[in-house]
Amino acid sequence: MRLVASIFLITFSLTAQVDPGYVVPKENPFTTPSDLKRGEQLFLGQCGRCHGPKGEGGLGAILAEPQLRRAPDEESLFRVIRDGIRGTEMPAASTLSSREVWQLAAFVRGLGRVPAESVVGNPQRGRELYQAKGKCGQCHIVNGQGISVGPELTDIGARRSASYLRASLAAPEAAVPDGFVQVRIATKDGRRITGVRIAEDTFTIQIVDLGGRTYSFFKQELTDLQKDFGKSPMPSYQDVLTASELDDLVAYLVSLRGNL
């Protein structure tokens, strides 16, 4: 009984940090130097792995921006941090108090006053490389054009930094997004297909192959199902493009900012 009570108290303490009845003010009430210092500690401990220690982006979106798309004001920034973003990898800050969420928000907002990362290269030449030599549209979609094998890139410039994009082009498997799984299957009728998992449950799996064709299989139809976690069908462009061409392609990708 004591063990059950202890588990309950621990669970309650972890999930009850943010008061669901808390009325979120329009402006951040915690912006003193000590608040910013605490916000930095929270950011480095909980956010920096995905967003980069300076908000430069990485697995998560760039935060070193003067205007954040999902958080244009202080109230919305508080809610994004507290509640997370459904359908994305951004989790809710369920273990933080309201004060800590505000302190974290104050630090994040300050990242937007850091000078933006400089980008060399010509975006127009990069666009041509994307379409021709790079053959990127064979696996990615930009503004509705292309094939959806890899992640959509329509707003990639608002979500990833230039340095992250360049590193991903040179070594794709060093930055495979969470949830992205390359699969290899063999069917009872003799087909072998390599592609990317779209969805999966206990009995079925849906994939898209490297040509953009989608399939849905009952697992009982398969003789083999291999999941290559951490692998990517995307080739390295380190030896495909020259250094200046990589600069141009990165400049084009950085320019893709969706509806901004």
# chains A, B, ... in the order shown; residues from 1 in each chain; ligands from 1
>>> residues_around(residues="A:Leu59", least_positions_apart="3", cutoff="8 Å", atoms="only C-alpha atoms", output="PyMOL selection string")
chain A and resi 49-51+160+175+177
>>> residues_around(residues="A:Glu173", least_positions_apart="6", cutoff="10 Å", atoms="only C-alpha atoms", output="ChimeraX atom specification")
/A:167,229-236
>>> select_by_dssp(residues="stretch 65-169 of chain A", states="strand (DSSP E or B)", output="NGL selection string")
:A and (68 or 71 or 141-142 or 145-146)
>>> select_by_dssp(residues="stretch 87-236 of chain A", states="alpha helix (DSSP H)", output="ChimeraX atom specification")
/A:98-111,123-131,156-159,162-170
>>> closest_atom_pairs(of="stretch 107-166 of chain A", to="stretch 249-260 of chain A", cutoff="10 Å", atoms="only C-alpha atoms", output="Markdown table")
| residue | atom | partner | partner_atom | distance |
| --- | --- | --- | --- | --- |
| A:Ser118 | CA | A:Ala251 | CA | 9.9 |
| A:Val119 | CA | A:Ala251 | CA | 6.3 |
| A:Val120 | CA | A:Ala251 | CA | 6.6 |
| A:Gly121 | CA | A:Ala251 | CA | 5.4 |
| A:Asn122 | CA | A:Ala251 | CA | 6.0 |
| A:Pro123 | CA | A:Tyr252 | CA | 4.0 |
| A:Gln124 | CA | A:Tyr252 | CA | 6.7 |
| A:Arg125 | CA | A:Leu249 | CA | 7.4 |
| A:Gly126 | CA | A:Leu249 | CA | 3.9 |
| A:Arg127 | CA | A:Tyr252 | CA | 5.7 |
| A:Glu128 | CA | A:Leu249 | CA | 8.5 |
| A:Leu129 | CA | A:Leu249 | CA | 6.5 |
| A:Tyr130 | CA | A:Leu249 | CA | 6.6 |
| A:Gly134 | CA | A:Leu249 | CA | 8.7 |
| A:Val142 | CA | A:Leu256 | CA | 8.3 |
| A:Asn143 | CA | A:Gly258 | CA | 7.9 |
| A:Leu153 | CA | A:Leu256 | CA | 7.3 |
| A:Thr154 | CA | A:Gly258 | CA | 5.3 |
| A:Asp155 | CA | A:Arg257 | CA | 4.0 |
| A:Ile156 | CA | A:Leu256 | CA | 5.8 |
| A:Gly157 | CA | A:Val254 | CA | 3.8 |
| A:Ala158 | CA | A:Arg257 | CA | 5.0 |
| A:Arg159 | CA | A:Arg257 | CA | 8.1 |
| A:Arg160 | CA | A:Val254 | CA | 7.7 |
| A:Ser161 | CA | A:Val254 | CA | 7.2 |
| A:Ala162 | CA | A:Val254 | CA | 6.3 |
| A:Ser163 | CA | A:Val250 | CA | 8.6 |
| A:Tyr164 | CA | A:Val250 | CA | 9.5 |
| A:Leu165 | CA | A:Val250 | CA | 6.5 |
| A:Arg166 | CA | A:Val250 | CA | 6.2 |
>>> residues_around(residues="A:Phe107", least_positions_apart="5", cutoff="7 Å", atoms="only C-alpha atoms", output="list in words")
Leu36, Gly39 and Glu40 of chain A
>>> write_last_selection(atoms="N, CA and C atoms", output="compact mmCIF listing (two decimals), in the first residue's frame")
# COMPACT_ATOMS: atom_id res chain seq x y z
N LEU A 36 16.15 34.84 -16.66
CA LEU A 36 16.81 34.47 -17.92
C LEU A 36 17.87 33.40 -17.68
N GLY A 39 16.10 30.24 -17.23
CA GLY A 39 15.59 29.82 -18.53
C GLY A 39 16.67 29.18 -19.38
N GLU A 40 17.87 29.74 -19.32
CA GLU A 40 18.99 29.16 -20.07
C GLU A 40 19.32 27.76 -19.57
>>> residues_around(residues="A:Arg79", least_positions_apart="5", cutoff="9 Å", atoms="only C-alpha atoms", output="PyMOL selection string")
chain A and resi 24+71+74+84+101
>>> residues_around(residues="A:Thr214", least_positions_apart="5", cutoff="10 Å", atoms="only C-alpha atoms", output="list in words")
Ser148, Val149, Gly195, Val196, Arg197, Ile198, Gln206, Ile207, Val208 and Asp209 of chain A
>>> atom_distance(atom1="atom CA of A:Lys188", atom2="atom CA of A:Cys139")
27.6 Å
>>> residues_around(residues="A:Ile81", least_positions_apart="6", cutoff="8 Å", atoms="only C-alpha atoms", output="list of chain:residue names")
A:Ala92, A:Ala93, A:Val101, A:Ala105
>>> residues_around(residues="A:Ser98", least_positions_apart="3", cutoff="12 Å", atoms="only C-alpha atoms", output="PDB file with C-alpha atoms, in the first residue's frame")
ATOM      1  CA  ALA A  16       0.722  18.525 -11.778  1.00  0.00           C
ATOM      2  CA  GLN A  17       3.461  21.121 -12.237  1.00  0.00           C
ATOM      3  CA  VAL A  18       1.435  23.284 -14.625  1.00  0.00           C
ATOM      4  CA  ASP A  19      -1.929  24.347 -13.209  1.00  0.00           C
ATOM      5  CA  PRO A  20      -4.578  23.592 -15.884  1.00  0.00           C
ATOM      6  CA  GLY A  21      -6.623  26.506 -14.538  1.00  0.00           C
ATOM      7  CA  TYR A  22      -3.754  28.964 -14.892  1.00  0.00           C
ATOM      8  CA  VAL A  23      -4.796  32.098 -16.772  1.00  0.00           C
ATOM      9  CA  VAL A  24      -1.971  32.899 -19.183  1.00  0.00           C
ATOM     10  CA  PRO A  25      -1.161  36.626 -19.189  1.00  0.00           C
ATOM     11  CA  ASN A  28       5.863  37.456 -19.730  1.00  0.00           C
ATOM     12  CA  PRO A  29       5.963  38.288 -15.992  1.00  0.00           C
ATOM     13  CA  PHE A  30       9.380  36.663 -15.452  1.00  0.00           C
ATOM     14  CA  GLU A  75       1.148  34.121 -24.716  1.00  0.00           C
ATOM     15  CA  PHE A  78       4.085  30.046 -23.376  1.00  0.00           C
ATOM     16  CA  ARG A  79       1.389  27.728 -24.737  1.00  0.00           C
ATOM     17  CA  ILE A  81       6.266  25.317 -24.601  1.00  0.00           C
ATOM     18  CA  ARG A  82       3.704  24.183 -22.039  1.00  0.00           C
ATOM     19  CA  ASP A  83       1.455  22.152 -24.349  1.00  0.00           C
ATOM     20  CA  ALA A  93       6.750  20.616 -20.840  1.00  0.00           C
ATOM     21  CA  SER A  94       4.613  18.706 -18.359  1.00  0.00           C
ATOM     22  CA  THR A  95       7.229  18.671 -15.590  1.00  0.00           C
ATOM     23  CA  VAL A 101       7.779  27.826 -18.600  1.00  0.00           C
ATOM     24  CA  TRP A 102       7.869  31.631 -18.561  1.00  0.00           C
ATOM     25  CA  GLN A 103      11.568  31.649 -17.698  1.00  0.00           C
ATOM     26  CA  LEU A 104      12.241  29.277 -20.569  1.00  0.00           C
ATOM     27  CA  ALA A 105      10.114  31.441 -22.873  1.00  0.00           C
TER      28      ALA A 105
END
>>> atom_distance(atom1="atom CA of A:Val240", atom2="atom CA of A:Gln131")
14.3 Å
>>> closest_residue(among="A:Leu63, A:Ala106, A:Leu77, A:Ala243", to="A:Thr32", atoms="only C-alpha atoms")
A:Ala106
>>> closest_residue(among="A:Arg184, A:Lys133, A:His140, A:Arg109", to="A:Lys54", atoms="only C-alpha atoms")
A:Arg109
